[in-house]
Amino acid sequence: MTSIKKKDKIAVIGLGYVGLPLARLFATQYNVVGFDINKTRIQELTEGVDKTLEIEASVLKPILKTVQDSHNGLFCTHNIKDIEDCNYYIITVPTPIDKNNRPNLTPLYKASETVGQVLKNGDIVIYESTVYPGVTEEECVPVLENVSKLTFNKDFYVGYSPERINPGDKLHTIDKILKVTSGSTPKVAKKVNDLYASVITAGTHIAPSIKVAEAAKVIENSQRDINIAFVNELAKIFSLMDIDTKAVLEAAGTKWNFLPFKPGLVGGHCIGVDPYYLAQKAQEVGYHPEIILAGRRVNDSMGQYVASEVIKLMAKNNISINGAKILVLGITFKENCPDVRNTKAVDVINQLKSYGTQVTVLDPWASPIAVVKEYQLDIIKNTPKDKYDAIVLTVAHKEFIEMNLKTLIKPKGIIYDVKGVLNNVDGRL
């Protein structure tokens, strides 16, 4: 029998790429309050506008509530008083890295302080943010205890259920992705699992402890990072041997157990970040993670490699590098998604500029304001009229695949395809 009651009230802390889809899903069956410190974000959501493009207005608007009441639905707010009477608090804030690739838990601490201010006897706090094993109980719980003056596993409880959102993916939506759950006691673990099982149609998996659930999440993306690093290294090797990497992977992929990874730029807030969380904890306990960090070094070097390959191709065509006009297609971290966090397309852009070239960045999905704020770079959103000495496809937005790039290239110009989605190009990974 489920331990979840329909009168339970859920607060989702952080309404970004992870929090909003989760809050929207729970709101179909529960009374949900979505909390975010970004007042502009709250105003947009109240009007039914999701700038992350994860939830369409036709899906978001019917579930929104403009006033607090006891009915199912989603009420969005930046006022902490609006979450005082909730009994489940789900924290979905970012867990980035700093300039030295060290975990930055500040958003997690701040969110824990916020929840600590309203925490009551019997409440359950669930963390979804990706962390290294031990963060929930060793870092977050002390903040909750200190602010609330309550005792862990006596007055309040915690759970951990790692997010598995894939931004921009309209096929593998949150309800269709199996959810790992855990709790600080066996009884709480069941409550947490029942809560998610009530809305996740793909099912759930109860981990035996919070640390196991934390570790499971952080290795998911570390595994992908290492596999992509392997094919990136292959791309470098085969380039020197004048062998088509794409053709090699297609041939090797005919075997049933060959993993279908492709070379490319590895950015974003997950794959390019999570391995550093695991590596940090490994070093703290006295182990130097060679494979994990080697994979990170390979993938972090790909922006510089792509830029150097583009410059080599231009030189072969006798194109003067200094002052050359280059069009870079895409600055988001993945295709058909507006998210520019930790995008490695920026590495390509900055490296190309270091050669003295004039770089124009086209991206119909990214916010120019967000790009300026994050990277101090200007972008355009509409196809230019100019012609370029080189075009570099860094992100496979659907608009770029449908474009006739030949109309934008000079007679001796070159086209470099980082994503391997174009035909008749001069170079690709």
# chains A, B, ... in the order shown; residues from 1 in each chain; ligands from 1
>>> residues_around(residues="Thr46 in chain A", least_positions_apart="6", cutoff="8 Å", atoms="only C-alpha atoms", output="list in words")
Leu64, Thr66 and Cys76 of chain A
>>> write_last_selection(atoms="C-alpha atoms", output="CSV table (one decimal), in the first residue's frame")
chain,number,residue,atom,x,y,z
A,64,LEU,CA,-0.9,26.7,-13.3
A,66,THR,CA,-2.6,32.0,-9.7
A,76,CYS,CA,4.9,29.5,-8.8
>>> residues_around(residues="Arg296 in chain A", least_positions_apart="5", cutoff="12 Å", atoms="only C-alpha atoms", output="number ranges by chain")
A: 101, 221-230, 232-233, 265-267, 271-279, 289-291, 301-302
>>> closest_residue(among="A:Val392, A:Val348, A:Ile37, A:Leu429", to="Leu240 in chain A", atoms="only C-alpha atoms")
A:Leu429
>>> residues_around(residues="Gly116 in chain A", least_positions_apart="3", cutoff="7 Å", atoms="only C-alpha atoms", output="list in words")
Ser112, Glu113, Leu119, Leu144, Val147 and Ser148 of chain A
>>> write_last_selection(atoms="C-alpha atoms", output="mmCIF file, in the first residue's frame")
data_model
loop_
_atom_site.group_PDB
_atom_site.id
_atom_site.type_symbol
_atom_site.label_atom_id
_atom_site.label_comp_id
_atom_site.auth_asym_id
_atom_site.auth_seq_id
_atom_site.Cartn_x
_atom_site.Cartn_y
_atom_site.Cartn_z
ATOM 1 C CA SER A 112 19.179 23.972 2.045
ATOM 2 C CA GLU A 113 19.194 27.191 4.082
ATOM 3 C CA LEU A 119 11.267 22.853 7.960
ATOM 4 C CA LEU A 144 19.143 21.853 7.496
ATOM 5 C CA VAL A 147 18.933 26.531 10.335
ATOM 6 C CA SER A 148 15.833 24.640 11.477
#
>>> residues_around(residues="Lys7 in chain A", least_positions_apart="6", cutoff="8 Å", atoms="only C-alpha atoms", output="PyMOL selection string")
chain A and resi 30-31+70
>>> write_last_selection(atoms="C-alpha atoms", output="mmCIF file, in the first residue's frame")
data_model
loop_
_atom_site.group_PDB
_atom_site.id
_atom_site.type_symbol
_atom_site.label_atom_id
_atom_site.label_comp_id
_atom_site.auth_asym_id
_atom_site.auth_seq_id
_atom_site.Cartn_x
_atom_site.Cartn_y
_atom_site.Cartn_z
ATOM 1 C CA TYR A 30 -0.696 16.998 -6.176
ATOM 2 C CA ASN A 31 -0.821 20.489 -4.776
ATOM 3 C CA SER A 70 -5.857 23.008 -1.698
#
>>> decode(residues="range 205-259 of chain A", atoms="C-alpha atoms", output="PDB file, in the first residue's frame")
ATOM      1  CA  HIS A 205      14.377   1.576  -8.371  1.00  0.00           C
ATOM      2  CA  ILE A 206      14.994   1.849  -4.621  1.00  0.00           C
ATOM      3  CA  ALA A 207      18.725   2.118  -3.856  1.00  0.00           C
ATOM      4  CA  PRO A 208      19.841   0.620  -0.521  1.00  0.00           C
ATOM      5  CA  SER A 209      21.256   3.945   0.687  1.00  0.00           C
ATOM      6  CA  ILE A 210      21.491   7.602  -0.218  1.00  0.00           C
ATOM      7  CA  LYS A 211      25.204   7.270  -0.982  1.00  0.00           C
ATOM      8  CA  VAL A 212      24.514   4.440  -3.444  1.00  0.00           C
ATOM      9  CA  ALA A 213      21.955   6.618  -5.241  1.00  0.00           C
ATOM     10  CA  GLU A 214      24.396   9.545  -5.332  1.00  0.00           C
ATOM     11  CA  ALA A 215      27.162   7.327  -6.702  1.00  0.00           C
ATOM     12  CA  ALA A 216      24.875   5.771  -9.314  1.00  0.00           C
ATOM     13  CA  LYS A 217      24.046   9.179 -10.731  1.00  0.00           C
ATOM     14  CA  VAL A 218      27.571  10.536 -10.849  1.00  0.00           C
ATOM     15  CA  ILE A 219      28.933   7.443 -12.654  1.00  0.00           C
ATOM     16  CA  GLU A 220      26.223   7.553 -15.339  1.00  0.00           C
ATOM     17  CA  ASN A 221      27.672  10.684 -16.902  1.00  0.00           C
ATOM     18  CA  SER A 222      31.273   9.760 -16.063  1.00  0.00           C
ATOM     19  CA  GLN A 223      30.837   6.586 -18.090  1.00  0.00           C
ATOM     20  CA  ARG A 224      29.507   8.536 -21.071  1.00  0.00           C
ATOM     21  CA  ASP A 225      32.334  11.056 -20.749  1.00  0.00           C
ATOM     22  CA  ILE A 226      34.978   8.328 -20.871  1.00  0.00           C
ATOM     23  CA  ASN A 227      33.379   6.614 -23.870  1.00  0.00           C
ATOM     24  CA  ILE A 228      33.169   9.880 -25.807  1.00  0.00           C
ATOM     25  CA  ALA A 229      36.784  10.654 -24.896  1.00  0.00           C
ATOM     26  CA  PHE A 230      37.775   7.310 -26.420  1.00  0.00           C
ATOM     27  CA  VAL A 231      36.140   8.064 -29.776  1.00  0.00           C
ATOM     28  CA  ASN A 232      37.511  11.626 -29.681  1.00  0.00           C
ATOM     29  CA  GLU A 233      40.984  10.163 -29.357  1.00  0.00           C
ATOM     30  CA  LEU A 234      40.210   7.790 -32.218  1.00  0.00           C
ATOM     31  CA  ALA A 235      39.167  10.767 -34.349  1.00  0.00           C
ATOM     32  CA  LYS A 236      42.550  12.404 -33.753  1.00  0.00           C
ATOM     33  CA  ILE A 237      44.416   9.212 -34.608  1.00  0.00           C
ATOM     34  CA  PHE A 238      42.422   8.461 -37.763  1.00  0.00           C
ATOM     35  CA  SER A 239      42.771  12.053 -38.933  1.00  0.00           C
ATOM     36  CA  LEU A 240      46.553  11.617 -38.914  1.00  0.00           C
ATOM     37  CA  MET A 241      46.117   8.368 -40.847  1.00  0.00           C
ATOM     38  CA  ASP A 242      43.724   9.993 -43.360  1.00  0.00           C
ATOM     39  CA  ILE A 243      40.942   7.576 -42.399  1.00  0.00           C
ATOM     40  CA  ASP A 244      37.274   8.609 -42.132  1.00  0.00           C
ATOM     41  CA  THR A 245      36.340   8.196 -38.453  1.00  0.00           C
ATOM     42  CA  LYS A 246      32.619   8.132 -39.212  1.00  0.00           C
ATOM     43  CA  ALA A 247      33.097   5.277 -41.669  1.00  0.00           C
ATOM     44  CA  VAL A 248      35.199   3.369 -39.128  1.00  0.00           C
ATOM     45  CA  LEU A 249      32.540   3.724 -36.429  1.00  0.00           C
ATOM     46  CA  GLU A 250      29.799   2.652 -38.841  1.00  0.00           C
ATOM     47  CA  ALA A 251      31.773  -0.469 -39.743  1.00  0.00           C
ATOM     48  CA  ALA A 252      32.602  -1.315 -36.132  1.00  0.00           C
ATOM     49  CA  GLY A 253      28.991  -0.654 -35.162  1.00  0.00           C
ATOM     50  CA  THR A 254      27.822  -3.661 -37.156  1.00  0.00           C
ATOM     51  CA  LYS A 255      28.857  -5.830 -34.194  1.00  0.00           C
ATOM     52  CA  TRP A 256      26.023  -6.238 -31.685  1.00  0.00           C
ATOM     53  CA  ASN A 257      27.996  -5.199 -28.600  1.00  0.00           C
ATOM     54  CA  PHE A 258      29.895  -2.216 -30.017  1.00  0.00           C
ATOM     55  CA  LEU A 259      28.863   0.956 -28.154  1.00  0.00           C
TER      56      LEU A 259
END
